[in-house]
Amino acid sequence: MQKCIWGSKEASTDKVLLRDAKTKGGSAVELELRGSRQVIGKGSFGTITKMQAKRMGRPTEYVAVKQPEPCQCDVLEKNVLTKLDHKNIVSLKYHYLEDGLYNIVLELVDEGNLYDYLHTKGHYAPGRGLGILTELFTYQLFRGLAYCHASDIVHRDLKPENLLIDTTTGVLKIADFGCSCYLHEREGRPCYVGTRDFRAPELIMDASRYCSKVDIWAGGIILTELILKKPVFYRESMESSIDQLYCVFEYLGLPTSEDCEAMHVRVRKWMPVTRKRSFQKTFSGSPVRDLPTFLHLIDRILTYRPKDRYTAWQVCAHPFFNVLRLPQTRLPNGNPLPPLFDFSTEEIATMPDCVHGAFEPFLGRHFRKEQQQQPVVAI
Ligand SMILES: Nc1ncnc2c1ncn2[C@@H]1O[C@H](COP(=O)(O)OP(=O)(O)O)[C@@H](O)[C@H]1O
Ligand SMILES: [Mg+2]
């Protein structure tokens, strides 16, 4: 699917000549990018500016323009975002070539990223954490991930800085696909991907193969950060990936040779570690609505063997998120929650059978009719 419009821009003007990719040889359209070029974000790979975009015959809209640093991430991010179309993934509107690099024009998510929100005074309260926003943002993160993984895309750099939020509506969108890859391409690619605190153990241990479950691990760490205000496997004094790994060992114990085989990593001799920490101890007294339910979920995400880790759909279906289904649940500002269970046919088609029960009331008449038409097997 090609959903955006592409073109090229001369460096000296603010006019971009675009051609609608949907209509082959279609007439060129002009997009004017105006505004004060206010920088609203800067990461390792690009600078994001807030601009006004004016296209002939359309109202002016605010957009976020990402100008990449010279690297190969621009082509990758443009290609991946062109393919993706989901309410929990930042939407690509246009892209254009400037000085040989792909600039991407994204929908603007004005409030910025989840990391800044969490660390802005007044948002995280010690006894309350982020309140309902913890469940709300985590659920949307995993819903977006379920869609990415069904599209064979692994994000590989999930962290709160790469999640955009709007607290007025309660919507979260996954952004920054500059490190992502297609599932079939990941073998033989360097494992040094992702930010240390969020990196799955198989990546730290240099796995020869890995899968979309690296995103599930990172998503689990993000959930712990929303609760504790810092990732669960984080220490002040941490200097290297090996320190990071030892933090994990203190909770999960050393991986067995079967765990190593499941992670596609070499069996190594590690210094002995006492399993002195537990999720139970760390999270009791933390702002979690229902501790046993939370511990059940986190146990199934932060586990060595990728195959045993939940899929994104299994996470979404977990009772930890039941509070999002209660009609009386509201955003902190009193607004209703955004639609969370309005699954598209594309999404329903990718849901494994094991989660149908959890989402049954939301799957719609169409789905129920299909179910009823299944031949009855006599036993
Ligand atoms: N569409 C957007 N709307 C609003 N802010 C954005 C948008 N995209 C990115 N940002 C801001 O810019 C920051 C850097 O963007 P990102 O795409 O992560 O760049 P990098 O690849 O360099 O890390 C984000 O953390 C976020 O604060
Ligand atoms: Mg980023």
# chains A, B, ... in the order shown; residues from 1 in each chain; ligands from 1
$ residues_around --residues "stretch 281-283 of chain A" --least-positions-apart "4" --cutoff "9 Å" --atoms "only C-alpha atoms" --output "PyMOL selection string"
chain A and resi 224+227-228+232+277+287-288+291+295
$ residues_near_ligand --ligand "ligand 2" --cutoff "7 Å" --atoms "only C-alpha atoms and all ligand atoms" --output "compact mmCIF listing (two decimals) with C-alpha atoms, in the first residue's frame"
# COMPACT_ATOMS: atom_id res chain seq x y z
CA GLY A 43 17.27 12.35 18.41
CA SER A 44 20.41 10.57 17.27
CA GLU A 161 11.32 8.77 23.79
CA ASN A 162 9.99 7.04 20.66
CA ASP A 176 10.91 6.48 15.01
$ residues_near_ligand --ligand "ligand 1" --cutoff "6 Å" --atoms "only C-alpha atoms and all ligand atoms" --output "PDB file with N, CA and C atoms, in the first residue's frame"
ATOM      1  N   ILE A  40      11.163  20.729  17.564  1.00  0.00           N
ATOM      2  CA  ILE A  40      10.380  20.128  18.658  1.00  0.00           C
ATOM      3  C   ILE A  40      10.975  18.812  19.123  1.00  0.00           C
ATOM      4  N   GLY A  41      12.008  18.379  18.464  1.00  0.00           N
ATOM      5  CA  GLY A  41      12.632  17.124  18.901  1.00  0.00           C
ATOM      6  C   GLY A  41      13.943  16.899  18.183  1.00  0.00           C
ATOM      7  N   LYS A  42      14.845  16.276  18.902  1.00  0.00           N
ATOM      8  CA  LYS A  42      16.130  15.941  18.271  1.00  0.00           C
ATOM      9  C   LYS A  42      16.563  14.601  18.827  1.00  0.00           C
ATOM     10  N   GLY A  43      16.770  13.642  17.960  1.00  0.00           N
ATOM     11  CA  GLY A  43      17.268  12.346  18.409  1.00  0.00           C
ATOM     12  C   GLY A  43      18.635  12.118  17.804  1.00  0.00           C
ATOM     13  N   SER A  44      19.077  10.868  17.810  1.00  0.00           N
ATOM     14  CA  SER A  44      20.408  10.572  17.272  1.00  0.00           C
ATOM     15  C   SER A  44      20.421  10.629  15.752  1.00  0.00           C
ATOM     16  N   PHE A  45      19.240  10.494  15.132  1.00  0.00           N
ATOM     17  CA  PHE A  45      19.241  10.360  13.675  1.00  0.00           C
ATOM     18  C   PHE A  45      18.529  11.481  12.933  1.00  0.00           C
ATOM     19  N   GLY A  46      17.932  12.411  13.654  1.00  0.00           N
ATOM     20  CA  GLY A  46      17.224  13.445  12.929  1.00  0.00           C
ATOM     21  C   GLY A  46      16.753  14.594  13.804  1.00  0.00           C
ATOM     22  N   ILE A  48      13.500  17.219  14.331  1.00  0.00           N
ATOM     23  CA  ILE A  48      12.077  17.320  14.002  1.00  0.00           C
ATOM     24  C   ILE A  48      11.625  18.771  14.195  1.00  0.00           C
ATOM     25  N   ALA A  64       4.866  17.602  11.452  1.00  0.00           N
ATOM     26  CA  ALA A  64       6.214  17.463  12.002  1.00  0.00           C
ATOM     27  C   ALA A  64       7.113  16.983  10.869  1.00  0.00           C
ATOM     28  N   LEU A 106       5.362  14.113   8.893  1.00  0.00           N
ATOM     29  CA  LEU A 106       4.528  13.257   9.737  1.00  0.00           C
ATOM     30  C   LEU A 106       3.357  14.035  10.313  1.00  0.00           C
ATOM     31  N   GLU A 107       2.317  13.314  10.699  1.00  0.00           N
ATOM     32  CA  GLU A 107       1.261  13.975  11.473  1.00  0.00           C
ATOM     33  C   GLU A 107       1.926  14.507  12.747  1.00  0.00           C
ATOM     34  N   LEU A 108       1.471  15.647  13.212  1.00  0.00           N
ATOM     35  CA  LEU A 108       2.061  16.241  14.408  1.00  0.00           C
ATOM     36  C   LEU A 108       1.360  15.715  15.657  1.00  0.00           C
ATOM     37  N   VAL A 109       2.128  15.166  16.580  1.00  0.00           N
ATOM     38  CA  VAL A 109       1.554  14.763  17.876  1.00  0.00           C
ATOM     39  C   VAL A 109       2.123  15.769  18.866  1.00  0.00           C
ATOM     40  N   ASP A 110       1.340  16.806  19.081  1.00  0.00           N
ATOM     41  CA  ASP A 110       1.840  18.055  19.646  1.00  0.00           C
ATOM     42  C   ASP A 110       2.454  17.944  21.035  1.00  0.00           C
ATOM     43  N   GLY A 112       4.281  15.699  22.362  1.00  0.00           N
ATOM     44  CA  GLY A 112       5.652  15.189  22.396  1.00  0.00           C
ATOM     45  C   GLY A 112       5.743  13.768  22.900  1.00  0.00           C
ATOM     46  N   ASN A 113       6.916  13.426  23.466  1.00  0.00           N
ATOM     47  CA  ASN A 113       7.141  12.006  23.749  1.00  0.00           C
ATOM     48  C   ASN A 113       6.843  11.624  25.204  1.00  0.00           C
ATOM     49  N   GLU A 161      11.014   7.631  24.668  1.00  0.00           N
ATOM     50  CA  GLU A 161      11.317   8.774  23.787  1.00  0.00           C
ATOM     51  C   GLU A 161      10.734   8.565  22.388  1.00  0.00           C
ATOM     52  N   ASN A 162      10.505   7.313  22.004  1.00  0.00           N
ATOM     53  CA  ASN A 162       9.990   7.036  20.658  1.00  0.00           C
ATOM     54  C   ASN A 162       8.491   6.768  20.645  1.00  0.00           C
ATOM     55  N   ALA A 175       6.555   5.862  17.218  1.00  0.00           N
ATOM     56  CA  ALA A 175       7.286   6.635  16.211  1.00  0.00           C
ATOM     57  C   ALA A 175       8.715   6.106  16.078  1.00  0.00           C
ATOM     58  N   ASP A 176       9.486   6.752  15.236  1.00  0.00           N
ATOM     59  CA  ASP A 176      10.914   6.476  15.012  1.00  0.00           C
ATOM     60  C   ASP A 176      11.177   5.042  14.557  1.00  0.00           C
ATOM     61  N   GLY A 178      13.427   4.338  12.398  1.00  0.00           N
ATOM     62  CA  GLY A 178      14.752   4.408  11.760  1.00  0.00           C
ATOM     63  C   GLY A 178      15.627   3.195  12.020  1.00  0.00           C
TER      64      GLY A 178
END
$ closest_residue --among "A:Leu223, A:Val214, A:Ile204, A:Val267" --to "A:Leu133" --atoms "only C-alpha atoms"
A:Leu223
$ residues_around --residues "A:Leu76" --least-positions-apart "2" --cutoff "10 Å" --atoms "only C-alpha atoms" --output "PDB file with C-alpha atoms, in the first residue's frame"
ATOM      1  CA  CYS A  71      22.691   7.658   7.372  1.00  0.00           C
ATOM      2  CA  GLN A  72      20.665   4.937   5.799  1.00  0.00           C
ATOM      3  CA  CYS A  73      17.835   5.251   8.296  1.00  0.00           C
ATOM      4  CA  ASP A  74      15.959   7.804   6.173  1.00  0.00           C
ATOM      5  CA  LYS A  78      10.302   6.193   4.799  1.00  0.00           C
ATOM      6  CA  ASN A  79       9.767   2.702   3.345  1.00  0.00           C
ATOM      7  CA  VAL A  80       8.465   1.196   6.577  1.00  0.00           C
ATOM      8  CA  LEU A  81       6.130   4.088   7.403  1.00  0.00           C
ATOM      9  CA  THR A  82       4.743   4.028   3.872  1.00  0.00           C
ATOM     10  CA  TYR A 102      14.557  11.602   2.466  1.00  0.00           C
ATOM     11  CA  PHE A 177      11.169   3.483  12.706  1.00  0.00           C
ATOM     12  CA  GLY A 178      14.752   4.408  11.760  1.00  0.00           C
ATOM     13  CA  CYS A 179      16.141   1.216  13.365  1.00  0.00           C
ATOM     14  CA  SER A 180      13.341  -1.098  12.314  1.00  0.00           C
ATOM     15  CA  CYS A 181      13.695  -4.031   9.960  1.00  0.00           C
ATOM     16  CA  TYR A 182      11.613  -6.578   8.114  1.00  0.00           C
TER      17      TYR A 182
END
$ residues_around --residues "A:Phe142" --least-positions-apart "5" --cutoff "12 Å" --atoms "only C-alpha atoms" --output "ChimeraX atom specification"
/A:88-89,135-137,147-150,155,158,163,172-174,213,215-220,222-223,301,310-318,321,340
$ select_by_dssp --residues "stretch 121-277 of chain A" --states "strand (DSSP E or B)" --output "list in words"
Ala125, Gly129, Ile153, Val154, Leu163, Leu164, Ile165, Asp166, Val171, Leu172, Lys173, Ile174, Cys181 and Tyr182 of chain A
$ write_last_selection --atoms "N, CA and C atoms" --output "mmCIF file, in the first residue's frame"
data_model
loop_
_atom_site.group_PDB
_atom_site.id
_atom_site.type_symbol
_atom_site.label_atom_id
_atom_site.label_comp_id
_atom_site.auth_asym_id
_atom_site.auth_seq_id
_atom_site.Cartn_x
_atom_site.Cartn_y
_atom_site.Cartn_z
ATOM 1 N N ALA A 125 2.954 10.924 40.156
ATOM 2 C CA ALA A 125 2.854 11.147 41.608
ATOM 3 C C ALA A 125 3.330 9.882 42.315
ATOM 4 N N GLY A 129 1.577 7.064 40.620
ATOM 5 C CA GLY A 129 2.220 6.883 39.308
ATOM 6 C C GLY A 129 1.540 7.733 38.259
ATOM 7 N N ILE A 153 7.188 -6.384 10.559
ATOM 8 C CA ILE A 153 8.146 -5.324 10.885
ATOM 9 C C ILE A 153 8.486 -5.373 12.368
ATOM 10 N N VAL A 154 9.782 -5.345 12.658
ATOM 11 C CA VAL A 154 10.243 -5.299 14.043
ATOM 12 C C VAL A 154 10.774 -3.883 14.267
ATOM 13 N N LEU A 163 7.819 7.127 21.745
ATOM 14 C CA LEU A 163 6.359 6.992 21.802
ATOM 15 C C LEU A 163 5.765 8.381 21.951
ATOM 16 N N LEU A 164 4.872 8.737 21.040
ATOM 17 C CA LEU A 164 4.290 10.080 21.060
ATOM 18 C C LEU A 164 2.915 10.012 21.709
ATOM 19 N N ILE A 165 2.607 11.026 22.510
ATOM 20 C CA ILE A 165 1.327 10.958 23.227
ATOM 21 C C ILE A 165 0.552 12.275 23.135
ATOM 22 N N ASP A 166 -0.735 12.123 23.342
ATOM 23 C CA ASP A 166 -1.619 13.279 23.427
ATOM 24 C C ASP A 166 -2.516 13.013 24.645
ATOM 25 N N VAL A 171 -4.371 9.331 23.435
ATOM 26 C CA VAL A 171 -3.858 8.473 22.350
ATOM 27 C C VAL A 171 -2.333 8.381 22.394
ATOM 28 N N LEU A 172 -1.815 7.189 22.119
ATOM 29 C CA LEU A 172 -0.367 6.972 22.001
ATOM 30 C C LEU A 172 -0.062 6.460 20.594
ATOM 31 N N LYS A 173 1.070 6.935 20.051
ATOM 32 C CA LYS A 173 1.493 6.472 18.720
ATOM 33 C C LYS A 173 2.967 6.097 18.736
ATOM 34 N N ILE A 174 3.284 4.960 18.153
ATOM 35 C CA ILE A 174 4.686 4.534 18.055
ATOM 36 C C ILE A 174 5.353 5.343 16.938
ATOM 37 N N CYS A 181 13.320 -3.165 11.088
ATOM 38 C CA CYS A 181 13.695 -4.031 9.960
ATOM 39 C C CYS A 181 12.538 -4.968 9.659
ATOM 40 N N TYR A 182 12.581 -5.545 8.462
ATOM 41 C CA TYR A 182 11.613 -6.578 8.114
ATOM 42 C C TYR A 182 12.089 -7.875 8.732
#
$ closest_residue --among "A:Met238, A:Leu92, A:Cys260, A:Val105" --to "A:Glu32" --atoms "only C-alpha atoms"
A:Val105
$ residues_around --residues "A:Pro255" --least-positions-apart "6" --cutoff "10 Å" --atoms "only C-alpha atoms" --output "PyMOL selection string"
chain A and resi 201+248-249+261+263+267-268+270+303-305
$ write_last_selection --atoms "N, CA and C atoms" --output "compact mmCIF listing (two decimals), in the first residue's frame"
# COMPACT_ATOMS: atom_id res chain seq x y z
N PRO A 201 17.65 -9.71 26.38
CA PRO A 201 18.90 -10.40 26.73
C PRO A 201 19.56 -11.08 25.53
N VAL A 248 19.62 -8.18 34.99
CA VAL A 248 18.60 -9.14 34.59
C VAL A 248 18.82 -10.45 35.36
N PHE A 249 20.08 -10.89 35.45
CA PHE A 249 20.39 -12.15 36.16
C PHE A 249 19.92 -12.10 37.61
N GLU A 261 19.98 -21.86 24.27
CA GLU A 261 19.64 -22.45 22.96
C GLU A 261 18.40 -21.76 22.39
N MET A 263 17.44 -18.81 22.96
CA MET A 263 17.74 -17.42 22.58
C MET A 263 18.74 -17.35 21.42
N VAL A 267 26.46 -20.67 24.90
CA VAL A 267 26.47 -20.93 26.35
C VAL A 267 27.82 -20.43 26.86
N ARG A 268 27.78 -19.56 27.86
CA ARG A 268 29.03 -19.00 28.40
C ARG A 268 29.12 -19.24 29.88
N TRP A 270 29.31 -17.65 33.24
CA TRP A 270 29.10 -16.36 33.87
C TRP A 270 29.58 -16.43 35.32
N THR A 303 10.85 -12.82 30.22
CA THR A 303 11.31 -14.19 30.37
C THR A 303 12.34 -14.46 29.27
N TYR A 304 13.33 -15.32 29.57
CA TYR A 304 14.43 -15.51 28.63
C TYR A 304 13.99 -16.05 27.27
N ARG A 305 13.20 -17.13 27.32
CA ARG A 305 12.95 -17.82 26.05
C ARG A 305 11.95 -17.04 25.20
$ residues_around --residues "A:Leu331" --least-positions-apart "4" --cutoff "8 Å" --atoms "only C-alpha atoms" --output "list in words"
Ile132, Leu133, Gly170, Asn335, Pro336 and Leu337 of chain A
$ write_last_selection --atoms "C-alpha atoms" --output "short mmCIF file (atom, residue, chain, number, x, y, z; two decimals), in the first residue's frame"
data_model
loop_
_atom_site.label_atom_id
_atom_site.label_comp_id
_atom_site.auth_asym_id
_atom_site.auth_seq_id
_atom_site.Cartn_x
_atom_site.Cartn_y
_atom_site.Cartn_z
CA ILE A 132 -4.94 5.03 34.32
CA LEU A 133 -2.44 6.33 31.74
CA GLY A 170 -5.27 9.72 25.67
CA ASN A 335 -12.64 12.88 29.01
CA PRO A 336 -13.75 9.42 27.86
CA LEU A 337 -11.05 6.96 26.79
#
$ select_by_dssp --residues "stretch 91-173 of chain A" --states "alpha helix (DSSP H)" --output "ChimeraX atom specification"
/A:114-118,132-150
$ atom_distance --atom1 "atom CA of A:Phe359" --atom2 "atom CA of A:Leu145"
17.0 Å
